[in-house]
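S.K.: Dropping the structure in here first, questions after.
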Amino acid sequence: MAAELPSPPFHPIPGLPNFRDIGGYPVGAPNSQLQDGAGTKVVRRGLVYRSSEPSKVSEEGVSKLQSLGIGKVFDLRSAVEISKGLHGNGDGWTIKEWEGASREFVPVFLDQDYSPEALALRYKNYSSEGAEGFVAAYGDILAAAASPDNDYQPFKTILEHLASSSSSPPPAPCLIHCTAGKDRTGVICGLILSLCGVDDEVVAHEYSLTDLGLKERHEELIAHIMNNPSLRENPASAKRMISSQKEAMLGILAKIRETHGSVEKCVIDLGLLSPEGIKQLRNNIVVDVNEEGVVPWQNHAKLLL
């Protein structure tokens, strides 16, 4: 449950599972030591948060989100996904907004991507055994987010926010979410961490924390997935779909490098950020801290065994 989750990176927000900070992870080799007492470089904490969809967040939860100073909420879900809701019967999710934060509707998949045929193909990838299906699905997420047909340009919008150079303070803290806060959210958070220079093994660990963060919603999400006819009689596949095995993130990062040469080149090739934008993003996000400012991710990894 939320109270048992390691903090950092998790924050207990009533009604909002899987809420965590992606900051505090070391930039460079994961086992690099502090040098000359000057500290080590990490991803800035308190800037980028991720979670599942927030329709059930309580008033106490909203107060905690406000106390974190979150000024932007990037919603990666499609309109049809929101309107159909958890059970796909038209009882849609409530759009949750609160004072002090602006919600940006930036869907990865457009409404036509929710045809029965498109869903069946996507579900087939997610539910396959091994990481290969997830790697294919995450490649589709990246392609859909960067498609010229997607006027919302979700990943570009998020990265440009983090690369903002309009003022000296860092960009406003933001929350990124989809439905479970696992796949679409996982891909963009993986890109952010990789652009900052976080080692693949650490990026994959951060992704895998969703297995802990979503525990309290597992049954609910499996029931949602099994509404799809292709998985109605296949609970084992539905269970695989909500898993966050680190091999999936390692696989998509490897695929990106195989295709583009590097994560930076991928972001440039897809028009998500310019080389100057990547430099500004790093200037905004990468900071020096002492040892206490580094998330003890190796200890948290033991909780996933």
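Letters A, B, ... go to the chains of the structure tokens in the order shown; residues in each chain start at 1; ligands are counted from 1 in the same order.
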If you count only C-alpha atoms, which residues fall within 7 Å of range 152-166 of chain A, apart from same-chain ones fewer than 3 positions away, as an MDAnalysis selection string?
M.R.: chainID A and resid 106:108 145:146 171 188 272:273 277:278 280:281 284
S.K.: Pull the helix (DSSP H, G or I) assignments for range 152-257 of chain A out of DSSP run on the backbone, and list those residues as number ranges by chain.
M.R.: A: 154-162, 184-195, 200-208, 210-213, 215-225, 229-231, 235-241, 246-257
S.K.: When you count only C-alpha atoms, which of these residues is closest to Ser243 in chain A: A:Ile256, A:Leu221, A:Val289, A:Ala79?
M.R.: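 Closest candidate: A:Leu221.
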S.K.: Quick one: everything within 10 Å of Leu110 in chain A, counting only C-alpha atoms, minus sequence neighbours fewer than 5 positions away in the same chain. Send it as a list in words.
M.R.: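 So, after excluding close chain neighbours, the residues are Arg77, Ser78, Ala79, Val80, Glu81, Ala144, Ala145, Asp149, Asn150, Asp151 and Tyr152 of chain A.
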S.K.: One decimal, Å: what's the distance from CA of Ile141 in chain A over to CA of His218 in chain A, could you say?
M.R.: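 Distance between the two atoms: 22.2 Å.
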